[in-house]
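Undergrad: What follows is entry.txt; its format and atoms are compact mmCIF, C-alpha atoms.
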# COMPACT_ATOMS: atom_id res chain seq x y z
CA MET A 1 0.00 0.00 0.00
CA ASN A 2 1.32 3.36 -1.06
CA ASP A 3 0.29 6.43 0.94
CA VAL A 4 0.52 8.73 -2.05
CA ILE A 5 -2.81 9.32 -3.78
CA ALA A 6 -2.41 8.45 -7.46
CA PHE A 7 -4.78 8.25 -10.40
CA GLU A 8 -5.70 4.67 -9.47
CA ASP A 9 -7.01 5.85 -6.08
CA LEU A 10 -9.58 8.17 -7.63
CA PRO A 11 -12.25 6.01 -9.24
CA ALA A 12 -15.64 7.39 -10.25
CA GLY A 13 -17.91 7.66 -7.24
CA ARG A 14 -15.25 8.16 -4.62
CA ILE A 15 -16.18 10.94 -2.21
CA ILE A 16 -13.46 12.49 -0.06
CA PRO A 17 -14.40 14.78 2.84
CA LEU A 18 -11.98 17.69 2.98
CA GLY A 19 -12.73 18.91 6.48
CA GLU A 20 -14.41 21.95 7.93
CA LEU A 21 -13.46 25.48 8.81
CA VAL A 22 -15.01 28.62 10.19
CA VAL A 23 -14.79 31.66 7.92
CA ASP A 24 -12.47 34.20 9.51
CA ARG A 25 -13.80 37.72 9.22
CA ASP A 26 -10.44 39.49 9.13
CA GLU A 27 -8.99 37.28 6.43
CA MET A 28 -12.25 37.38 4.46
CA VAL A 29 -12.23 41.19 4.41
CA ASP A 30 -8.46 41.38 3.77
CA PHE A 31 -8.90 39.15 0.74
CA ALA A 32 -11.72 41.35 -0.55
CA ARG A 33 -9.71 44.52 0.04
CA ARG A 34 -6.90 43.16 -2.12
CA PHE A 35 -8.76 41.23 -4.82
CA ASP A 36 -12.47 42.06 -4.82
CA PRO A 37 -13.11 45.43 -3.14
CA GLN A 38 -16.82 45.67 -3.84
CA PRO A 39 -18.59 47.50 -0.99
CA PHE A 40 -20.71 44.50 0.05
CA HIS A 41 -17.50 42.49 0.64
CA LEU A 42 -15.91 45.24 2.75
CA ASP A 43 -18.55 46.99 4.80
CA GLU A 44 -21.38 45.77 7.05
CA ASP A 45 -23.81 48.48 6.03
CA ALA A 46 -23.15 48.05 2.32
CA GLY A 47 -23.54 44.31 2.78
CA ARG A 48 -26.85 44.69 4.55
CA ASP A 49 -28.14 46.94 1.76
CA SER A 50 -26.98 44.55 -0.97
CA ILE A 51 -28.63 41.59 -2.63
CA PHE A 52 -26.69 39.39 -0.15
CA GLY A 53 -28.25 40.85 2.99
CA GLY A 54 -24.98 41.06 4.91
CA LEU A 55 -21.22 41.46 4.69
CA SER A 56 -20.37 38.55 2.41
CA ALA A 57 -17.23 36.82 1.25
CA SER A 58 -15.81 37.33 -2.20
CA GLY A 59 -16.67 34.26 -4.20
CA TRP A 60 -12.99 33.97 -5.06
CA TYR A 61 -12.19 33.76 -1.35
CA THR A 62 -14.61 30.87 -0.96
CA ALA A 63 -13.00 29.23 -4.00
CA SER A 64 -9.56 29.76 -2.49
CA LEU A 65 -10.63 28.24 0.85
CA TRP A 66 -11.92 25.18 -0.98
CA MET A 67 -8.60 24.89 -2.79
CA ARG A 68 -6.63 25.03 0.45
CA VAL A 69 -8.50 22.21 2.13
CA TYR A 70 -8.29 20.17 -1.08
CA VAL A 71 -4.52 20.62 -1.22
CA ASP A 72 -4.21 19.64 2.44
CA ALA A 73 -6.48 16.59 2.23
CA VAL A 74 -5.67 15.30 -1.25
CA LEU A 75 -3.13 17.07 -3.45
CA SER A 76 -0.26 17.46 -1.00
CA GLY A 77 0.04 13.70 -0.72
CA SER A 78 -0.69 12.89 -4.34
CA THR A 79 0.66 12.64 -7.85
CA GLY A 80 -1.42 15.71 -8.78
CA GLN A 81 -0.08 17.79 -11.64
CA GLY A 82 -2.49 20.69 -11.74
CA SER A 83 -5.71 21.38 -13.55
CA PRO A 84 -6.56 22.87 -16.93
CA GLY A 85 -9.74 24.47 -15.69
CA VAL A 86 -13.12 24.54 -14.02
CA ARG A 87 -16.68 24.29 -15.26
CA GLU A 88 -20.00 25.36 -13.80
CA LEU A 89 -18.59 27.16 -10.81
CA ARG A 90 -21.57 28.36 -8.81
CA TRP A 91 -21.83 30.59 -5.78
CA LEU A 92 -25.23 29.35 -4.65
CA ALA A 93 -25.58 31.34 -1.45
CA PRO A 94 -23.62 34.17 0.12
CA VAL A 95 -20.95 33.18 2.65
CA PHE A 96 -20.63 35.21 5.84
CA ALA A 97 -17.94 35.60 8.48
CA GLY A 98 -18.34 32.97 11.18
CA ASP A 99 -19.97 30.46 8.86
CA ARG A 100 -18.83 26.90 9.44
CA LEU A 101 -18.22 25.36 6.02
CA ALA A 102 -17.76 21.67 5.26
CA PHE A 103 -15.82 20.81 2.11
CA GLU A 104 -15.91 17.75 -0.10
CA VAL A 105 -14.70 16.42 -3.42
CA GLU A 106 -16.42 13.71 -5.43
CA VAL A 107 -14.89 11.88 -8.38
CA LEU A 108 -17.29 11.95 -11.34
CA SER A 109 -15.18 10.03 -13.81
CA ALA A 110 -11.58 9.04 -14.43
CA ARG A 111 -9.67 8.08 -17.55
CA LEU A 112 -6.11 7.72 -18.73
CA SER A 113 -4.74 10.41 -21.00
CA LYS A 114 -4.35 9.27 -24.58
CA SER A 115 -1.59 11.73 -25.34
CA ARG A 116 0.46 11.57 -22.13
CA PRO A 117 1.45 8.12 -20.88
CA GLY A 118 1.40 7.89 -17.12
CA LEU A 119 -1.15 10.67 -16.73
CA GLY A 120 -4.79 10.32 -15.77
CA LEU A 121 -7.60 12.85 -16.03
CA VAL A 122 -10.03 12.92 -13.14
CA GLU A 123 -13.32 14.79 -13.43
CA MET A 124 -14.47 15.92 -10.03
CA ARG A 125 -17.09 17.98 -8.29
CA GLY A 126 -16.09 20.23 -5.43
CA THR A 127 -18.63 21.36 -2.86
CA ALA A 128 -18.80 23.60 0.18
CA ARG A 129 -21.79 23.30 2.49
CA ARG A 130 -23.09 25.31 5.43
CA GLY A 131 -25.11 22.72 7.27
CA ASP A 132 -27.25 21.10 4.60
CA GLU A 133 -27.03 24.04 2.24
CA VAL A 134 -24.63 23.96 -0.68
CA VAL A 135 -23.05 27.41 -0.87
CA TYR A 136 -20.38 26.70 -3.50
CA GLN A 137 -19.97 24.03 -6.12
CA PHE A 138 -17.94 23.46 -9.26
CA GLU A 139 -16.64 20.77 -11.56
CA SER A 140 -13.03 20.50 -12.52
CA THR A 141 -10.49 18.26 -14.19
CA GLY A 142 -7.51 17.16 -12.17
CA MET A 143 -4.39 15.64 -13.71
CA PHE A 144 -2.81 12.85 -11.68
CA GLY A 145 0.13 10.62 -12.39
CA THR A 146 -0.40 6.87 -12.38
CA ARG A 147 1.49 4.54 -10.06
CA GLY A 148 3.18 2.93 -13.02
CA MET B 1 -24.59 61.32 -19.10
CA ASN B 2 -24.18 59.26 -15.96
CA ASP B 3 -20.68 58.10 -14.98
CA VAL B 4 -21.97 54.98 -13.24
CA ILE B 5 -21.86 51.87 -15.43
CA ALA B 6 -25.34 50.34 -15.49
CA PHE B 7 -26.94 47.45 -17.34
CA GLU B 8 -27.69 49.72 -20.30
CA ASP B 9 -23.97 50.42 -20.76
CA LEU B 10 -23.11 46.77 -21.30
CA PRO B 11 -24.53 45.72 -24.66
CA ALA B 12 -23.44 42.57 -26.43
CA GLY B 13 -20.15 43.08 -28.21
CA ARG B 14 -18.75 45.75 -25.91
CA ILE B 15 -15.10 45.07 -25.04
CA ILE B 16 -13.60 46.84 -22.05
CA PRO B 17 -9.81 46.76 -21.52
CA LEU B 18 -9.08 46.31 -17.82
CA GLY B 19 -5.44 47.34 -17.83
CA GLU B 20 -2.17 45.53 -17.36
CA LEU B 21 -0.02 44.42 -14.48
CA VAL B 22 3.21 42.59 -13.82
CA VAL B 23 2.87 39.46 -11.68
CA ASP B 24 4.61 40.07 -8.36
CA ARG B 25 6.64 37.10 -7.24
CA ASP B 26 6.28 37.68 -3.50
CA GLU B 27 2.52 38.08 -3.60
CA MET B 28 2.15 35.16 -6.00
CA VAL B 29 4.04 32.86 -3.65
CA ASP B 30 2.32 34.25 -0.54
CA PHE B 31 -1.04 33.51 -2.11
CA ALA B 32 0.03 29.96 -2.93
CA ARG B 33 1.43 29.43 0.56
CA ARG B 34 -1.96 30.34 2.04
CA PHE B 35 -4.42 28.91 -0.48
CA ASP B 36 -2.69 26.54 -2.89
CA PRO B 37 0.54 25.21 -1.39
CA GLN B 38 1.43 22.75 -4.13
CA PRO B 39 5.21 22.47 -4.54
CA PHE B 40 5.25 23.85 -8.10
CA HIS B 41 3.58 27.06 -6.84
CA LEU B 42 6.08 27.51 -3.99
CA ASP B 43 9.49 26.37 -5.08
CA GLU B 44 11.64 27.06 -8.17
CA ASP B 45 13.05 23.55 -8.35
CA ALA B 46 9.68 21.88 -7.93
CA GLY B 47 8.27 24.22 -10.57
CA ARG B 48 11.03 23.38 -13.02
CA ASP B 49 10.44 19.68 -12.52
CA SER B 50 6.66 20.03 -12.96
CA ILE B 51 4.43 19.96 -16.00
CA PHE B 52 4.59 23.79 -15.93
CA GLY B 53 8.35 24.04 -16.41
CA GLY B 54 8.80 26.76 -13.80
CA LEU B 55 7.54 28.28 -10.57
CA SER B 56 3.97 29.07 -11.60
CA ALA B 57 1.08 31.01 -10.13
CA SER B 58 -1.88 29.30 -8.54
CA GLY B 59 -4.72 29.50 -11.02
CA TRP B 60 -6.81 31.02 -8.24
CA TYR B 61 -4.28 33.80 -7.93
CA THR B 62 -4.59 34.59 -11.62
CA ALA B 63 -8.37 34.53 -11.23
CA SER B 64 -8.13 36.88 -8.26
CA LEU B 65 -5.89 39.29 -10.18
CA TRP B 66 -8.43 39.37 -13.00
CA MET B 67 -11.16 40.13 -10.48
CA ARG B 68 -9.23 43.02 -8.99
CA VAL B 69 -8.68 44.81 -12.28
CA TYR B 70 -12.31 44.19 -13.21
CA VAL B 71 -13.51 45.74 -9.95
CA ASP B 72 -11.24 48.74 -10.48
CA ALA B 73 -12.15 49.30 -14.12
CA VAL B 74 -15.84 48.36 -14.12
CA LEU B 75 -17.56 47.22 -10.94
CA SER B 76 -16.45 49.93 -8.55
CA GLY B 77 -18.25 52.55 -10.61
CA SER B 78 -21.24 50.44 -11.53
CA THR B 79 -24.62 49.13 -10.47
CA GLY B 80 -23.06 45.65 -10.18
CA GLN B 81 -24.71 43.29 -7.72
CA GLY B 82 -22.48 40.27 -7.85
CA SER B 83 -22.43 37.10 -9.87
CA PRO B 84 -24.04 33.68 -9.47
CA GLY B 85 -21.14 31.87 -11.06
CA VAL B 86 -18.64 31.13 -13.77
CA ARG B 87 -18.54 28.71 -16.67
CA GLU B 88 -15.63 27.29 -18.62
CA LEU B 89 -12.84 28.76 -16.57
CA ARG B 90 -9.61 27.75 -18.28
CA TRP B 91 -6.00 28.13 -17.26
CA LEU B 92 -4.57 27.86 -20.75
CA ALA B 93 -0.91 28.43 -19.94
CA PRO B 94 1.07 28.69 -16.73
CA VAL B 95 1.64 32.18 -15.36
CA PHE B 96 5.07 33.08 -14.00
CA ALA B 97 6.42 35.82 -11.77
CA GLY B 98 7.34 38.87 -13.81
CA ASP B 99 4.82 38.13 -16.54
CA ARG B 100 3.07 41.23 -17.86
CA LEU B 101 -0.61 40.37 -18.17
CA ALA B 102 -3.25 42.38 -20.03
CA PHE B 103 -6.85 41.93 -18.90
CA GLU B 104 -10.11 42.39 -20.75
CA VAL B 105 -13.81 41.77 -20.45
CA GLU B 106 -16.17 41.30 -23.39
CA VAL B 107 -19.96 41.37 -23.17
CA LEU B 108 -21.41 38.30 -24.88
CA SER B 109 -25.09 39.02 -24.29
CA ALA B 110 -27.32 41.06 -22.03
CA ARG B 111 -30.95 40.69 -20.99
CA LEU B 112 -33.30 41.99 -18.34
CA SER B 113 -34.22 39.66 -15.49
CA LYS B 114 -37.76 38.35 -15.74
CA SER B 115 -38.07 37.80 -12.01
CA ARG B 116 -36.33 40.89 -10.64
CA PRO B 117 -37.44 44.25 -12.06
CA GLY B 118 -34.57 46.69 -12.39
CA LEU B 119 -31.96 43.95 -12.71
CA GLY B 120 -30.13 42.90 -15.85
CA LEU B 121 -28.05 39.80 -16.49
CA VAL B 122 -24.87 40.28 -18.49
CA GLU B 123 -23.01 37.31 -19.91
CA MET B 124 -19.35 38.13 -20.28
CA ARG B 125 -16.02 36.61 -21.16
CA GLY B 126 -12.99 37.53 -19.12
CA THR B 127 -9.50 37.13 -20.54
CA ALA B 128 -5.90 37.56 -19.43
CA ARG B 129 -3.19 37.63 -22.07
CA ARG B 130 0.60 37.56 -22.00
CA GLY B 131 1.45 39.24 -25.28
CA ASP B 132 -0.74 37.49 -27.85
CA GLU B 133 -1.19 34.37 -25.75
CA VAL B 134 -4.36 33.84 -23.76
CA VAL B 135 -3.31 32.45 -20.39
CA TYR B 136 -6.67 32.62 -18.61
CA GLN B 137 -10.24 32.83 -19.81
CA PHE B 138 -13.71 32.28 -18.43
CA GLU B 139 -17.33 33.14 -18.96
CA SER B 140 -19.50 34.54 -16.22
CA THR B 141 -22.84 36.16 -15.54
CA GLY B 142 -22.86 39.59 -13.94
CA MET B 143 -25.93 41.14 -12.34
CA PHE B 144 -26.31 44.89 -12.91
CA GLY B 145 -29.03 47.30 -11.91
CA THR B 146 -30.72 49.30 -14.66
CA ARG B 147 -30.75 53.09 -14.70
CA GLY B 148 -34.48 53.08 -14.18
Would you mind writing the file's structure down as structure tokens?
TA:
Amino acid sequence: MNDVIAFEDLPAGRIIPLGELVVDRDEMVDFARRFDPQPFHLDEDAGRDSIFGGLSASGWYTASLWMRVYVDAVLSGSTGQGSPGVRELRWLAPVFAGDRLAFEVEVLSARLSKSRPGLGLVEMRGTARRGDEVVYQFESTGMFGTRG
Amino acid sequence: MNDVIAFEDLPAGRIIPLGELVVDRDEMVDFARRFDPQPFHLDEDAGRDSIFGGLSASGWYTASLWMRVYVDAVLSGSTGQGSPGVRELRWLAPVFAGDRLAFEVEVLSARLSKSRPGLGLVEMRGTARRGDEVVYQFESTGMFGTRG
């Protein structure tokens, strides 16, 4: 048994919980100040007056949090070689400071690359939930080396 | 003439240049250390040995840089009310420290919301180029208030 996660360890249907975290208000606002300084991501009053009903996280912050837990739980101990992109990324509900989010990845399909020997392409769906509510979801392709 | 960018100012076909920037190595690596600590985003040697051929930016960093210039050039002076999501986000080439990137947004289509009076939905394509090469591209829906 090898501890490294390789292409062969990611069959269709496998679901990997990525852990939970509580959204930190200071980091959430710092991220918005640098990368997404829209008023409803920076200021309580502007948030309350917005379509989101409160000071909400930049969607790119939520995406970045997902990525971090995925790296920690999967990629850092894997043959992962990056990703060419993402499809159907959806911010389904606003995320607020103090929210406890639970993260998950599910393998949708997996196949060997035809052009690159030793490389597999894994289609996956990433999710973040607050309780039973999905707040963030996307599909992506991950490239993973085989054990061979 | 109103200086605020509203739904009516974003007809299909409009292309808005979002400016240029040079990728800062320290910030690029800091972002990866926090959100995407894969070796090829942190370390020169690991980058050189990776599929990317060099120390490369996290794709989420590139996405966040695009967002910042879009906020500065469009959203901050607009009736923008966020976005429900992104489709077909593609990291077409690795991004390296020192790269000069040029950013752009193009309106693909625009329509009024049927369910929310005073709100328009704008389909757009965001792009980042290094010279003539597209390194990052995605399509997204933006929600913008009308002038009414």
Undergrad: Write out as a PDB file with C-alpha atoms, in the coordinates of the input which residues come within 10 Å of segment 108-111 of chain A when counting all atoms listed in the file, dropping same-chain ones fewer than 2 positions away.
TA:
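out-v7.pdb written:
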ATOM      1  CA  PHE A   7      -4.780   8.250 -10.400  1.00  0.00           C
ATOM      2  CA  GLU A   8      -5.700   4.670  -9.470  1.00  0.00           C
ATOM      3  CA  LEU A  10      -9.580   8.170  -7.630  1.00  0.00           C
ATOM      4  CA  PRO A  11     -12.250   6.010  -9.240  1.00  0.00           C
ATOM      5  CA  ALA A  12     -15.640   7.390 -10.250  1.00  0.00           C
ATOM      6  CA  GLY A  13     -17.910   7.660  -7.240  1.00  0.00           C
ATOM      7  CA  ARG A  14     -15.250   8.160  -4.620  1.00  0.00           C
ATOM      8  CA  ILE A  15     -16.180  10.940  -2.210  1.00  0.00           C
ATOM      9  CA  VAL A 105     -14.700  16.420  -3.420  1.00  0.00           C
ATOM     10  CA  GLU A 106     -16.420  13.710  -5.430  1.00  0.00           C
ATOM     11  CA  SER A 113      -4.740  10.410 -21.000  1.00  0.00           C
ATOM     12  CA  LYS A 114      -4.350   9.270 -24.580  1.00  0.00           C
ATOM     13  CA  LEU A 119      -1.150  10.670 -16.730  1.00  0.00           C
ATOM     14  CA  GLY A 120      -4.790  10.320 -15.770  1.00  0.00           C
ATOM     15  CA  LEU A 121      -7.600  12.850 -16.030  1.00  0.00           C
ATOM     16  CA  VAL A 122     -10.030  12.920 -13.140  1.00  0.00           C
ATOM     17  CA  GLU A 123     -13.320  14.790 -13.430  1.00  0.00           C
ATOM     18  CA  MET A 124     -14.470  15.920 -10.030  1.00  0.00           C
ATOM     19  CA  ARG A 125     -17.090  17.980  -8.290  1.00  0.00           C
ATOM     20  CA  GLU A 139     -16.640  20.770 -11.560  1.00  0.00           C
ATOM     21  CA  SER A 140     -13.030  20.500 -12.520  1.00  0.00           C
ATOM     22  CA  THR A 141     -10.490  18.260 -14.190  1.00  0.00           C
ATOM     23  CA  GLY A 142      -7.510  17.160 -12.170  1.00  0.00           C
ATOM     24  CA  MET A 143      -4.390  15.640 -13.710  1.00  0.00           C
ATOM     25  CA  PHE A 144      -2.810  12.850 -11.680  1.00  0.00           C
TER      26      PHE A 144
END
Undergrad: Show me, as a ChimeraX atom specification, the residues that have an atom within 8 Å of Tyr61 of chain A when counting only C-alpha atoms, minus same-chain residues fewer than 5 positions from it.
TA: /A:28,31-32
Undergrad: Can you write out as CSV which residues of chain A fall within 7 Å of chain B, alongside each residue's closest atom pair and its distance in Å to one decimal, counting all atoms listed in the file and ordering rows by chain and ascending residue number?
TA:
residue,atom,partner,partner_atom,distance
A:Phe35,CA,B:Arg68,CA,4.6
A:Asp36,CA,B:Arg68,CA,5.4
A:Pro37,CA,B:Val71,CA,6.8
A:Gln38,CA,B:Ser76,CA,6.4
A:Ile51,CA,B:Gln81,CA,6.6
A:Trp60,CA,B:Ser64,CA,6.5
A:Ser64,CA,B:Phe35,CA,5.6
A:Leu65,CA,B:Phe35,CA,6.4
A:Met67,CA,B:Asp36,CA,6.1
A:Arg68,CA,B:Phe35,CA,4.6
A:Val71,CA,B:Asp36,CA,6.4
A:Ser76,CA,B:Gln38,CA,6.4
A:Gln81,CA,B:Ile51,CA,6.6
A:Pro84,CA,B:Trp91,CA,5.3
A:Gly85,CA,B:Arg90,CA,4.2
A:Val86,CA,B:Leu89,CA,4.9
A:Arg87,CA,B:Glu88,CA,4.6
A:Glu88,CA,B:Arg87,CA,4.6
A:Leu89,CA,B:Val86,CA,5.0
A:Arg90,CA,B:Gly85,CA,4.2
A:Trp91,CA,B:Pro84,CA,5.3
A:Leu92,CA,B:Pro84,CA,6.6
Undergrad: Tell me, in Å to one decimal, how far atom CA of Val74 of chain A is from atom CA of Leu42 of chain B.
TA: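 Result for atom CA of Val74 of chain A versus atom CA of Leu42 of chain B: 17.2 Å, one decimal.
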Undergrad: For atom CA of Gly98 of chain B and atom CA of Arg25 of chain B, determine how far apart the two atoms are, in Å to one decimal place.
TA: 6.8 Å
Undergrad: Using only C-alpha atoms, which of the listed residues (B:Ile16, B:Ala57, B:Glu104, B:Ala128) sits closest to Asp43 of chain B?
TA: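 The closest residue to Asp43 of chain B is B:Ala57.
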Undergrad: Please, what distance in Å, to one decimal, runs between atom CA of Val29 of chain B and atom CA of Ser56 of chain A?
TA: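 If I compute the distance from atom CA of Val29 of chain B to atom CA of Ser56 of chain A, I get 25.8 Å.
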Undergrad: Set up a box along x, y and z of the file covering all listed atoms of segment 42-58 of chain B, add 3 Å on every one of the six sides, and write the centre and edge lengths in Å to one decimal, as JSON.
TA:
{"center_x": 5.6, "center_y": 25.3, "center_z": -10.2, "size_x": 20.9, "size_y": 17.3, "size_z": 18.4}
Undergrad: Which is closest to Gly53 of chain B among B:Phe96, B:Glu20, B:Asp9, B:Asp30, if we use all atoms listed in the file?
TA: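 Ranking B:Phe96, B:Glu20, B:Asp9, B:Asp30 by distance to Gly53 of chain B, first place goes to B:Phe96.
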Undergrad: Contacts of Gly148 of chain A at 9 Å or less, counting all atoms listed in the file, minus same-chain residues fewer than 2 places along, as a list in words?
TA: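 Here the qualifying residues turn out to be Gly118, Gly145 and Thr146 of chain A.
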Undergrad: Which polymer residues, protein or nucleic acid, are no farther than 10 Å from (-13.9, 25.0, 6.6), counting all atoms listed in the file, as an NGL selection string?
TA: :A and (18-24 or 62 or 65-66 or 68-69 or 99-103 or 128-130)
